[in-house]
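Just start38.cif here, mmCIF, C-alpha atoms and all ligand atoms:
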```
data_protein
#
loop_
_atom_site.label_atom_id
_atom_site.label_comp_id
_atom_site.auth_asym_id
_atom_site.auth_seq_id
_atom_site.Cartn_x
_atom_site.Cartn_y
_atom_site.Cartn_z
CA MET A 1 21.14 -6.49 2.03
CA PRO A 2 19.61 -5.16 5.28
CA HIS A 3 18.06 -8.34 6.71
CA SER A 4 18.80 -6.81 10.12
CA ALA A 5 16.31 -4.02 9.37
CA TRP A 6 13.48 -6.57 9.91
CA ASP A 7 12.44 -8.53 13.00
CA LEU A 8 11.76 -11.75 11.12
CA ARG A 9 11.79 -15.09 12.87
CA PRO A 10 15.22 -16.63 12.31
CA ASP A 11 13.89 -20.19 12.04
CA VAL A 12 11.66 -19.36 9.04
CA ILE A 13 12.54 -18.74 5.39
CA TYR A 14 9.95 -16.16 4.47
CA LEU A 15 9.26 -16.25 0.72
CA ASN A 16 5.74 -14.85 0.85
CA HIS A 17 6.14 -11.09 0.91
CA GLY A 18 3.60 -11.03 -1.93
CA SER A 19 0.78 -12.12 0.38
CA PHE A 20 1.79 -10.42 3.61
CA GLY A 21 4.76 -8.06 3.55
CA PRO A 22 6.36 -7.48 6.96
CA SER A 23 7.53 -3.95 7.80
CA PRO A 24 11.09 -3.06 8.72
CA ARG A 25 11.58 -2.06 12.35
CA VAL A 26 11.69 1.69 11.61
CA VAL A 27 8.18 1.51 10.16
CA ILE A 28 6.84 -0.53 13.07
CA GLU A 29 8.34 2.02 15.47
CA GLU A 30 6.78 4.90 13.56
CA ARG A 31 3.39 3.24 13.77
CA CYS A 32 3.82 2.73 17.51
CA ARG A 33 4.85 6.38 17.90
CA TRP A 34 1.58 7.54 16.31
CA TYR A 35 -0.38 5.11 18.40
CA ARG A 36 1.24 6.36 21.60
CA GLU A 37 0.39 9.93 20.60
CA LEU A 38 -3.24 8.92 20.28
CA GLU A 39 -3.23 7.21 23.67
CA ALA A 40 -1.53 10.17 25.35
CA GLU A 41 -4.35 12.60 24.48
CA PRO A 42 -7.13 11.10 22.34
CA MET A 43 -9.27 14.24 22.16
CA ASP A 44 -6.39 16.38 20.94
CA PHE A 45 -5.25 13.70 18.53
CA TYR A 46 -8.61 13.00 16.92
CA THR A 47 -10.10 16.46 16.85
CA ARG A 48 -7.11 18.76 16.33
CA ARG A 49 -4.25 16.80 14.81
CA LEU A 50 -5.56 13.85 12.80
CA GLU A 51 -6.92 15.58 9.73
CA ALA A 52 -3.79 17.57 8.99
CA ALA A 53 -1.58 14.54 9.66
CA LEU A 54 -3.67 12.38 7.32
CA ALA A 55 -3.57 15.03 4.59
CA GLU A 56 0.20 15.19 4.87
CA ALA A 57 0.55 11.39 4.70
CA ARG A 58 -1.84 11.26 1.74
CA GLY A 59 0.22 13.91 -0.04
CA ALA A 60 3.44 11.92 0.43
CA LEU A 61 1.80 8.75 -0.86
CA ALA A 62 0.24 10.57 -3.83
CA LYS A 63 3.60 12.00 -4.83
CA PHE A 64 5.09 8.50 -4.69
CA VAL A 65 2.44 7.11 -7.06
CA GLY A 66 2.40 10.03 -9.46
CA THR A 67 -0.82 11.87 -8.70
CA SER A 68 -2.23 14.59 -6.48
CA GLY A 69 -3.35 13.99 -2.88
CA ASP A 70 -6.85 15.07 -3.91
CA ASN A 71 -7.20 11.96 -6.08
CA LEU A 72 -6.69 9.32 -3.44
CA ILE A 73 -7.89 8.19 -0.07
CA PHE A 74 -6.39 5.88 2.51
CA VAL A 75 -8.28 2.64 3.01
CA ASP A 76 -7.31 -0.45 4.97
CA ASN A 77 -6.35 -2.54 1.95
CA ALA A 78 -7.01 -3.24 -1.73
CA THR A 79 -10.05 -5.34 -0.80
CA TRP A 80 -11.63 -2.35 0.89
CA ALA A 81 -10.82 -0.12 -2.09
CA MET A 82 -12.39 -2.60 -4.52
CA ASN A 83 -15.55 -2.70 -2.42
CA VAL A 84 -15.82 1.10 -2.61
CA VAL A 85 -15.52 0.91 -6.40
CA ALA A 86 -18.17 -1.83 -6.61
CA GLU A 87 -20.49 0.14 -4.35
CA SER A 88 -19.99 3.30 -6.40
CA CYS A 89 -20.37 1.75 -9.83
CA ASP A 90 -23.86 2.48 -11.05
CA LEU A 91 -24.41 -0.76 -12.96
CA GLN A 92 -27.67 -1.19 -14.83
CA PRO A 93 -29.42 -4.50 -15.63
CA GLY A 94 -27.70 -6.10 -18.61
CA ASP A 95 -24.42 -4.19 -18.15
CA GLU A 96 -21.28 -6.29 -18.24
CA VAL A 97 -18.23 -6.23 -15.99
CA LEU A 98 -15.19 -7.91 -17.50
CA LEU A 99 -12.63 -9.78 -15.40
CA ASN A 100 -10.19 -12.48 -16.48
CA ASP A 101 -9.08 -15.81 -15.12
CA HIS A 102 -5.88 -14.41 -13.51
CA GLU A 103 -7.81 -12.23 -11.06
CA TYR A 104 -7.78 -12.59 -7.28
CA GLY A 105 -10.50 -14.80 -5.80
CA ALA A 106 -11.93 -12.15 -3.48
CA VAL A 107 -12.17 -9.70 -6.38
CA HIS A 108 -14.25 -12.25 -8.31
CA ARG A 109 -16.52 -12.54 -5.27
CA ILE A 110 -16.94 -8.75 -4.93
CA TRP A 111 -18.01 -8.39 -8.56
CA GLU A 112 -20.15 -11.54 -8.56
CA ARG A 113 -22.14 -10.05 -5.68
CA ARG A 114 -22.37 -6.57 -7.18
CA CYS A 115 -23.45 -7.91 -10.59
CA ARG A 116 -26.06 -10.15 -8.93
CA GLU A 117 -27.46 -7.20 -6.96
CA ARG A 118 -27.72 -5.01 -10.07
CA GLY A 119 -28.85 -7.63 -12.62
CA ALA A 120 -25.55 -7.14 -14.45
CA LYS A 121 -23.41 -9.86 -16.00
CA LEU A 122 -19.92 -10.89 -14.92
CA VAL A 123 -17.79 -11.97 -17.90
CA VAL A 124 -14.47 -13.75 -17.34
CA ALA A 125 -11.99 -13.68 -20.24
CA LYS A 126 -9.51 -16.56 -20.44
CA ILE A 127 -5.87 -15.59 -20.89
CA PRO A 128 -4.00 -18.84 -21.61
CA THR A 129 -0.38 -19.34 -20.56
CA PRO A 130 2.47 -19.42 -21.43
CA LEU A 131 2.42 -15.85 -22.71
CA GLN A 132 4.82 -14.69 -25.38
CA THR A 133 3.76 -11.16 -26.32
CA VAL A 134 1.71 -8.31 -24.90
CA ASP A 135 -0.99 -9.18 -27.43
CA ASP A 136 -1.46 -12.52 -25.66
CA VAL A 137 -2.95 -10.48 -22.79
CA ILE A 138 -4.58 -7.65 -24.73
CA GLU A 139 -6.39 -9.71 -27.35
CA PRO A 140 -8.37 -12.07 -25.09
CA ILE A 141 -9.43 -9.13 -22.92
CA PHE A 142 -10.66 -6.97 -25.78
CA ALA A 143 -12.17 -9.93 -27.65
CA ALA A 144 -14.54 -10.22 -24.65
CA VAL A 145 -15.62 -6.55 -24.76
CA THR A 146 -19.16 -6.04 -26.06
CA PRO A 147 -21.34 -2.92 -26.41
CA ARG A 148 -22.65 -3.73 -22.89
CA THR A 149 -19.20 -3.73 -21.21
CA ARG A 150 -19.10 -0.92 -18.64
CA LEU A 151 -15.97 -1.79 -16.73
CA ILE A 152 -12.79 -3.84 -17.11
CA VAL A 153 -11.27 -4.99 -13.82
CA PHE A 154 -7.73 -6.34 -14.09
CA SER A 155 -4.59 -6.71 -11.99
CA HIS A 156 -1.50 -4.63 -12.52
CA VAL A 157 0.42 -7.67 -11.24
CA THR A 158 -1.66 -10.84 -11.06
CA SER A 159 -1.92 -12.84 -7.86
CA PRO A 160 -1.83 -16.56 -8.79
CA THR A 161 0.42 -16.13 -11.84
CA ALA A 162 2.55 -13.11 -10.69
CA ILE A 163 2.48 -11.57 -14.17
CA ILE A 164 2.90 -7.84 -14.80
CA PHE A 165 0.01 -6.95 -17.10
CA PRO A 166 0.44 -4.17 -19.70
CA THR A 167 -1.58 -1.75 -17.62
CA ALA A 168 -1.08 1.50 -19.52
CA GLU A 169 -1.99 -0.20 -22.81
CA ILE A 170 -5.15 -1.85 -21.43
CA CYS A 171 -6.29 1.50 -19.97
CA ARG A 172 -5.56 3.30 -23.23
CA ARG A 173 -7.55 0.83 -25.34
CA ALA A 174 -10.45 0.83 -22.89
CA ARG A 175 -10.58 4.64 -22.97
CA GLU A 176 -10.78 4.55 -26.75
CA LEU A 177 -13.81 2.26 -26.44
CA GLY A 178 -15.42 4.35 -23.69
CA VAL A 179 -15.10 1.51 -21.16
CA MET A 180 -14.10 2.25 -17.54
CA THR A 181 -11.04 0.57 -15.98
CA CYS A 182 -10.43 -0.49 -12.41
CA VAL A 183 -6.87 -1.65 -11.80
CA ASP A 184 -6.29 -4.07 -8.93
CA GLY A 185 -2.79 -2.99 -7.98
CA PRO A 186 -1.69 -4.28 -4.57
CA HIS A 187 1.44 -6.00 -5.92
CA ALA A 188 2.60 -3.25 -8.24
CA LEU A 189 3.67 -0.58 -5.77
CA VAL A 190 7.51 -0.60 -5.62
CA MET A 191 7.72 -3.83 -7.66
CA THR A 192 7.08 -1.88 -10.84
CA ASP A 193 6.28 1.68 -11.93
CA VAL A 194 3.00 3.12 -10.71
CA GLN A 195 2.37 6.54 -12.23
CA LEU A 196 -1.34 7.00 -11.81
CA ASP A 197 -1.88 10.19 -13.77
CA GLN A 198 -0.15 8.59 -16.74
CA PHE A 199 -2.29 5.42 -16.63
CA ASP A 200 -5.49 7.42 -16.97
CA CYS A 201 -7.43 4.56 -15.34
CA ASP A 202 -10.74 5.32 -13.63
CA TYR A 203 -9.91 3.54 -10.37
CA TYR A 204 -6.77 2.01 -8.85
CA CYS A 205 -6.91 -0.18 -5.73
CA ALA A 206 -3.75 -0.86 -3.73
CA SER A 207 -2.33 -2.29 -0.53
CA ASN A 208 0.65 -0.47 0.93
CA HIS A 209 1.40 -3.41 3.24
CA LYS A 210 2.77 -5.56 0.44
CA TRP A 211 5.91 -4.44 -1.45
CA LEU A 212 6.07 -0.95 0.08
CA CYS A 213 6.30 -2.55 3.55
CA ALA A 214 3.90 -0.07 5.16
CA PRO A 215 2.13 -1.32 8.32
CA PHE A 216 -0.60 -3.93 7.90
CA GLY A 217 -3.91 -2.19 7.32
CA SER A 218 -2.69 0.52 4.95
CA GLY A 219 -3.90 0.76 1.36
CA PHE A 220 -5.33 3.35 -0.98
CA LEU A 221 -7.99 3.99 -3.56
CA TYR A 222 -7.24 6.34 -6.44
CA VAL A 223 -10.20 7.77 -8.31
CA HIS A 224 -9.78 9.76 -11.50
CA PRO A 225 -11.34 13.26 -11.25
CA ARG A 226 -13.92 12.27 -13.90
CA ARG A 227 -15.35 9.62 -11.50
CA GLN A 228 -14.97 11.31 -8.13
CA SER A 229 -18.47 12.73 -7.87
CA GLY A 230 -20.01 9.22 -8.00
CA VAL A 231 -17.92 7.63 -5.26
CA GLN A 232 -19.73 6.39 -2.15
CA PRO A 233 -18.13 5.24 1.12
CA VAL A 234 -18.99 1.69 2.18
CA VAL A 235 -19.13 2.88 5.80
CA THR A 236 -20.95 6.14 6.39
CA SER A 237 -19.79 8.32 9.26
CA TRP A 238 -19.29 12.05 9.82
CA GLY A 239 -17.09 12.49 6.78
CA ARG A 240 -14.51 14.81 8.21
CA SER A 241 -13.15 14.50 11.72
CA TYR A 242 -13.65 17.90 13.28
CA PRO A 243 -15.59 19.99 12.69
CA PRO A 244 -17.64 17.31 10.95
CA ASP A 245 -18.89 19.45 8.07
CA LEU A 246 -18.84 18.14 4.54
CA ALA A 247 -16.77 20.41 2.34
CA PRO A 248 -17.40 19.60 -1.32
CA ALA A 249 -14.46 17.28 -1.97
CA TRP A 250 -15.09 13.59 -2.59
CA HIS A 251 -12.29 12.47 -0.24
CA ASN A 252 -13.77 14.37 2.70
CA GLU A 253 -16.45 11.67 2.92
CA PHE A 254 -13.68 9.19 3.76
CA THR A 255 -11.54 11.06 6.27
CA TRP A 256 -13.31 9.96 9.43
CA GLY A 257 -14.32 6.29 9.40
CA GLY A 258 -15.42 6.34 13.04
CA THR A 259 -13.16 6.01 16.07
CA ARG A 260 -10.34 3.70 15.10
CA ASP A 261 -6.58 3.30 14.89
CA TYR A 262 -5.21 5.43 12.03
CA SER A 263 -1.54 4.75 12.78
CA ALA A 264 -0.99 2.42 9.81
CA TYR A 265 -1.93 5.25 7.43
CA LEU A 266 0.13 7.82 9.28
CA ALA A 267 3.25 5.64 9.27
CA THR A 268 3.07 5.00 5.51
CA PRO A 269 5.38 7.94 4.63
CA LYS A 270 8.06 6.28 6.78
CA ALA A 271 7.82 3.18 4.57
CA ILE A 272 8.29 5.37 1.49
CA GLU A 273 11.27 7.02 3.16
CA PHE A 274 12.74 3.59 3.98
CA ILE A 275 12.47 2.17 0.47
CA GLU A 276 13.73 5.39 -1.10
CA SER A 277 16.72 5.45 1.24
CA VAL A 278 17.68 1.97 -0.01
CA GLY A 279 16.81 2.92 -3.58
CA ILE A 280 13.94 1.54 -5.65
CA SER A 281 16.29 0.35 -8.36
CA THR A 282 18.50 -1.40 -5.77
CA PHE A 283 15.40 -3.19 -4.47
CA ARG A 284 14.24 -4.15 -7.96
CA GLU A 285 17.60 -5.46 -9.12
CA HIS A 286 18.12 -7.51 -5.98
CA ALA A 287 14.62 -8.97 -5.84
CA HIS A 288 14.40 -9.68 -9.56
CA ARG A 289 17.76 -11.45 -9.52
CA LEU A 290 16.41 -13.81 -6.85
CA ALA A 291 13.09 -14.35 -8.67
CA ARG A 292 15.13 -15.14 -11.76
CA GLN A 293 17.29 -17.57 -9.79
CA ALA A 294 14.11 -19.36 -8.65
CA ARG A 295 12.91 -19.43 -12.24
CA GLU A 296 16.11 -21.01 -13.53
CA GLN A 297 16.49 -23.57 -10.78
CA ILE A 298 12.84 -24.64 -10.56
CA THR A 299 12.49 -24.84 -14.33
CA ARG A 300 15.58 -27.04 -14.43
CA LEU A 301 14.08 -29.23 -11.72
CA THR A 302 10.62 -29.64 -13.25
CA GLY A 303 11.29 -29.25 -16.97
CA ARG A 304 8.10 -27.15 -17.17
CA GLU A 305 7.93 -23.99 -19.22
CA PRO A 306 7.56 -20.73 -17.21
CA LEU A 307 4.38 -18.70 -17.70
CA VAL A 308 6.10 -15.63 -19.20
CA PRO A 309 9.32 -14.75 -21.06
CA ASP A 310 12.43 -14.05 -18.98
CA ASP A 311 12.05 -10.29 -18.86
CA LEU A 312 11.65 -7.61 -16.21
CA ALA A 313 8.67 -6.31 -18.14
CA TRP A 314 6.82 -9.57 -17.34
CA TYR A 315 7.81 -10.34 -13.75
CA GLY A 316 9.52 -8.46 -10.94
CA SER A 317 10.18 -9.55 -7.36
CA MET A 318 7.75 -12.49 -7.40
CA ILE A 319 7.41 -15.36 -9.82
CA SER A 320 4.91 -18.16 -10.31
CA LEU A 321 6.27 -21.41 -11.72
CA PRO A 322 4.47 -24.59 -12.79
CA LEU A 323 5.12 -27.74 -10.80
CA PRO A 324 4.19 -31.32 -11.69
CA ARG A 325 0.50 -31.95 -11.06
CA GLY A 326 -0.43 -33.01 -7.55
CA ASP A 327 -2.02 -31.91 -4.32
CA ALA A 328 -1.18 -28.23 -3.67
CA LEU A 329 -2.35 -28.25 -0.05
CA GLU A 330 -0.31 -31.33 0.80
CA LEU A 331 2.86 -29.87 -0.73
CA HIS A 332 2.31 -26.53 1.00
CA LYS A 333 1.94 -28.28 4.34
CA ALA A 334 5.03 -30.44 3.81
CA ILE A 335 7.22 -27.44 2.87
CA TRP A 336 6.18 -25.73 6.07
CA ASP A 337 6.20 -28.75 8.38
CA ARG A 338 9.52 -30.15 7.23
CA TYR A 339 11.49 -27.08 6.13
CA ARG A 340 9.85 -24.04 7.79
CA ILE A 341 9.59 -22.33 4.40
CA GLU A 342 6.66 -19.95 3.80
CA VAL A 343 5.79 -20.04 0.12
CA PRO A 344 2.40 -20.22 -1.62
CA ILE A 345 1.54 -23.37 -3.57
CA ILE A 346 -1.42 -22.51 -5.74
CA ASP A 347 -3.98 -24.47 -7.73
CA TRP A 348 -4.77 -22.35 -10.75
CA GLY A 349 -6.40 -23.25 -14.05
CA GLY A 350 -5.55 -26.95 -13.69
CA GLN A 351 -1.91 -26.15 -12.87
CA ARG A 352 -0.04 -26.42 -9.59
CA LEU A 353 2.17 -23.34 -9.13
CA VAL A 354 4.83 -22.30 -6.62
CA ARG A 355 5.09 -18.51 -6.09
CA PRO A 356 8.24 -17.36 -4.26
CA SER A 357 8.66 -13.66 -3.42
CA ALA A 358 11.92 -11.87 -2.74
CA HIS A 359 12.45 -8.66 -0.78
CA LEU A 360 15.54 -6.97 0.61
CA TYR A 361 15.82 -9.51 3.43
CA THR A 362 15.82 -12.48 1.01
CA CYS A 363 19.11 -14.04 -0.08
CA SER A 364 20.23 -16.53 -2.68
CA ALA A 365 20.60 -19.30 -0.08
CA ASP A 366 16.87 -18.95 0.74
CA ILE A 367 16.00 -19.79 -2.87
CA ASP A 368 18.47 -22.70 -2.82
CA ARG A 369 16.71 -24.05 0.28
CA LEU A 370 13.32 -23.85 -1.45
CA VAL A 371 14.64 -25.63 -4.52
CA ALA A 372 16.26 -28.35 -2.39
CA ALA A 373 12.97 -28.85 -0.50
CA LEU A 374 11.02 -29.09 -3.75
CA GLN A 375 13.55 -31.56 -5.12
CA THR A 376 13.02 -33.88 -2.15
CA LEU A 377 9.26 -33.49 -1.94
CA LEU A 378 8.33 -33.76 -5.62
C1 LIG B 401 -4.22 -9.21 -6.98
C2 LIG B 401 -4.71 -9.05 -5.58
N1 LIG B 401 -5.78 -8.29 -5.35
C3 LIG B 401 -6.24 -8.07 -4.10
C4 LIG B 401 -5.63 -8.62 -3.02
C5 LIG B 401 -6.16 -8.33 -1.65
O1 LIG B 401 -5.21 -7.63 -0.93
P1 LIG B 401 -5.54 -7.23 0.59
O2 LIG B 401 -5.69 -8.50 1.34
O3 LIG B 401 -4.36 -6.43 1.02
O4 LIG B 401 -6.80 -6.45 0.55
C6 LIG B 401 -4.53 -9.45 -3.19
C7 LIG B 401 -3.88 -10.09 -2.04
O5 LIG B 401 -2.94 -10.82 -2.13
C8 LIG B 401 -4.05 -9.66 -4.51
O6 LIG B 401 -2.99 -10.45 -4.74
#
```

Do you think you could lay out the structure here as structure tokens?
Amino acid sequence: MPHSAWDLRPDVIYLNHGSFGPSPRVVIEERCRWYRELEAEPMDFYTRRLEAALAEARGALAKFVGTSGDNLIFVDNATWAMNVVAESCDLQPGDEVLLNDHEYGAVHRIWERRCRERGAKLVVAKIPTPLQTVDDVIEPIFAAVTPRTRLIVFSHVTSPTAIIFPTAEICRRARELGVMTCVDGPHALVMTDVQLDQFDCDYYCASNHKWLCAPFGSGFLYVHPRRQSGVQPVVTSWGRSYPPDLAPAWHNEFTWGGTRDYSAYLATPKAIEFIESVGISTFREHAHRLARQAREQITRLTGREPLVPDDLAWYGSMISLPLPRGDALELHKAIWDRYRIEVPIIDWGGQRLVRPSAHLYTCSADIDRLVAALQTLL
């Protein structure tokens, strides 16, 4: 596998692509190329070239995720996208927003704040693990839906537990009930299939700087055409770059976010080109094999049952495995201090979890080193 395509530090075993996914060199170079173009002639770049270049990059990304360029905008990351959704969601007092206990901490905070501001109620469904069937996810979510539920917010791939949620099915059921869906999808891109038009969700928030390996600071927000007219930017500027008129398309409000560095967005097509040149299925097979290796070896070490069945439908290139109870922070520090291994150790729902990620630069010996470190430290 092309480890040499990355500039990773040789003294570190990097098993945390899920949090922060480094870009291969070709993508870094492409970002620098755009940045140098800006510096060479800023006026020309911002006023004559940027809009067309952004539209082209948006089109390439939209094709990759199965929708039209008119349905998505670049944002810095999934956090930014989720804030736009929260800002745009016209919640009324007494409305309910439904999350679940596998959601990302910052997403909880965004909706706690928005619900507080609007006098709405945040409801958190509990989805106990281990899971056996898709109904183990679907039932607790829909059991928590009431006539006041306006929106269900859920991850396509969860952060603490690394579980692939049955996204199409949750969206379909919610549609039947007339409830909006906002999918938090930063881990799903490349790890699993993202075909936005088929999901029929209302909103999809993503970070391109995770599994797609786009530059840091590149994400997107997809908005279904039925919701586009209500979407508000969280930062108001001119709308379009030049001339700064507001043509009647929702995404025009988001083109110009003030004077800033747009190179991470513009280099995103290069990341798509990179992963497609390797092959998505090559990536998935390689990374899943390593996640599966971690699953087998860590389960053997701890004797603790994994959170999901051993199936590609449930986990992809990242896996979260229960460890014996204990101090997560202390273990995380020891793995780094003594072994120079980057891997999240997470306290979640009374469990201590280890969450290794695998990308093209990861090899079987990296997983062996993690398991050996855990064996000594536990
Ligand atoms: C499920 C989930 N949502 C949102 C985020 C936030 O992503 P970002 O920091 O790229 O905005 C993360 C980050 O790991 C995540 O795992």

Residues near Ala81 in chain A, cut-off 12 Å, all atoms listed in the file, skip fewer than 2 positions along chain, as a PDB file with C-alpha atoms, in the frame of the given file:
```pdb
ATOM      1  CA  LEU A  72      -6.690   9.320  -3.440  1.00  0.00           C
ATOM      2  CA  ILE A  73      -7.890   8.190  -0.070  1.00  0.00           C
ATOM      3  CA  PHE A  74      -6.390   5.880   2.510  1.00  0.00           C
ATOM      4  CA  VAL A  75      -8.280   2.640   3.010  1.00  0.00           C
ATOM      5  CA  ASP A  76      -7.310  -0.450   4.970  1.00  0.00           C
ATOM      6  CA  ASN A  77      -6.350  -2.540   1.950  1.00  0.00           C
ATOM      7  CA  ALA A  78      -7.010  -3.240  -1.730  1.00  0.00           C
ATOM      8  CA  THR A  79     -10.050  -5.340  -0.800  1.00  0.00           C
ATOM      9  CA  ASN A  83     -15.550  -2.700  -2.420  1.00  0.00           C
ATOM     10  CA  VAL A  84     -15.820   1.100  -2.610  1.00  0.00           C
ATOM     11  CA  VAL A  85     -15.520   0.910  -6.400  1.00  0.00           C
ATOM     12  CA  ALA A  86     -18.170  -1.830  -6.610  1.00  0.00           C
ATOM     13  CA  GLU A  87     -20.490   0.140  -4.350  1.00  0.00           C
ATOM     14  CA  SER A  88     -19.990   3.300  -6.400  1.00  0.00           C
ATOM     15  CA  VAL A 107     -12.170  -9.700  -6.380  1.00  0.00           C
ATOM     16  CA  ILE A 110     -16.940  -8.750  -4.930  1.00  0.00           C
ATOM     17  CA  CYS A 182     -10.430  -0.490 -12.410  1.00  0.00           C
ATOM     18  CA  VAL A 183      -6.870  -1.650 -11.800  1.00  0.00           C
ATOM     19  CA  ASP A 184      -6.290  -4.070  -8.930  1.00  0.00           C
ATOM     20  CA  GLY A 185      -2.790  -2.990  -7.980  1.00  0.00           C
ATOM     21  CA  PRO A 186      -1.690  -4.280  -4.570  1.00  0.00           C
ATOM     22  CA  TYR A 203      -9.910   3.540 -10.370  1.00  0.00           C
ATOM     23  CA  TYR A 204      -6.770   2.010  -8.850  1.00  0.00           C
ATOM     24  CA  CYS A 205      -6.910  -0.180  -5.730  1.00  0.00           C
ATOM     25  CA  ALA A 206      -3.750  -0.860  -3.730  1.00  0.00           C
ATOM     26  CA  SER A 207      -2.330  -2.290  -0.530  1.00  0.00           C
ATOM     27  CA  ASN A 208       0.650  -0.470   0.930  1.00  0.00           C
ATOM     28  CA  GLY A 217      -3.910  -2.190   7.320  1.00  0.00           C
ATOM     29  CA  SER A 218      -2.690   0.520   4.950  1.00  0.00           C
ATOM     30  CA  GLY A 219      -3.900   0.760   1.360  1.00  0.00           C
ATOM     31  CA  PHE A 220      -5.330   3.350  -0.980  1.00  0.00           C
ATOM     32  CA  LEU A 221      -7.990   3.990  -3.560  1.00  0.00           C
ATOM     33  CA  TYR A 222      -7.240   6.340  -6.440  1.00  0.00           C
ATOM     34  CA  VAL A 223     -10.200   7.770  -8.310  1.00  0.00           C
ATOM     35  CA  VAL A 231     -17.920   7.630  -5.260  1.00  0.00           C
ATOM     36  CA  GLN A 232     -19.730   6.390  -2.150  1.00  0.00           C
ATOM     37  CA  PRO A 233     -18.130   5.240   1.120  1.00  0.00           C
ATOM     38  CA  VAL A 234     -18.990   1.690   2.180  1.00  0.00           C
ATOM     39  CA  VAL A 235     -19.130   2.880   5.800  1.00  0.00           C
ATOM     40  CA  PHE A 254     -13.680   9.190   3.760  1.00  0.00           C
TER      41      PHE A 254
END
```

Range 125-211 of chain A residues near range 321-339 of chain A within 12 Å, closest pair each, using all atoms listed in the file, as CSV:
```
residue,atom,partner,partner_atom,distance
A:Thr129,CA,A:Pro322,CA,10.6
A:Pro130,CA,A:Pro322,CA,10.3
A:Pro160,CA,A:Leu321,CA,9.9
A:Thr161,CA,A:Leu321,CA,7.9
A:Ala162,CA,A:Leu321,CA,9.2
A:Ile163,CA,A:Leu321,CA,10.8
```

Using only C-alpha atoms, what residues lie at most 12 Å away from (-22.0, -14.4, -19.0) (file coordinates), given as a PyMOL selection string? chain A and resi 94-99+112+115-116+119-125+144-146+148-149

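Among the candidate residues A:Arg113, A:Arg49, A:Arg355, A:Arg240, the one lying nearest to ligand LIG 401 (chain B) is A:Arg355, with distances computed using all atoms listed in the file.
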
Got a sec: who's within 12 Å of range 361-364 of chain A, counting all atoms listed in the file, leaving out chain neighbours fewer than 3 positions off, as a VMD selection string? chain A and resid 1 to 10 12 to 17 21 to 24 213 283 286 to 294 297 317 to 318 356 to 358 367 to 371

To one decimal place in Å, what is the distance between CA of Trp250 in chain A and CA of Ser263 in chain A? 22.3 Å

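Comparing the minimum interatomic distances between ligand LIG 401 (chain B) and each of A:Gly239, A:Pro248, A:Gly349, A:Pro344, counting all atoms listed in the file, we find that A:Pro344 sits nearest.
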
Interatomic distance between CA of Ile345 in chain A and CA of Ile170 in chain A? 28.8 Å

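With distances restricted to all atoms listed in the file, A:Tyr265 is the closest residue to Tyr35 in chain A from A:Ala143, A:Tyr265, A:Asp200, A:Cys89.
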
Need the axis-aligned box for ligand LIG 401 (chain B) with 8 Å each side, so what are the centre and edges in Å to one decimal, as AutoDock Vina command-line options?
```
--center_x -4.9 --center_y -8.6 --center_z -2.8 --size_x 19.9 --size_y 20.4 --size_z 24.3
```
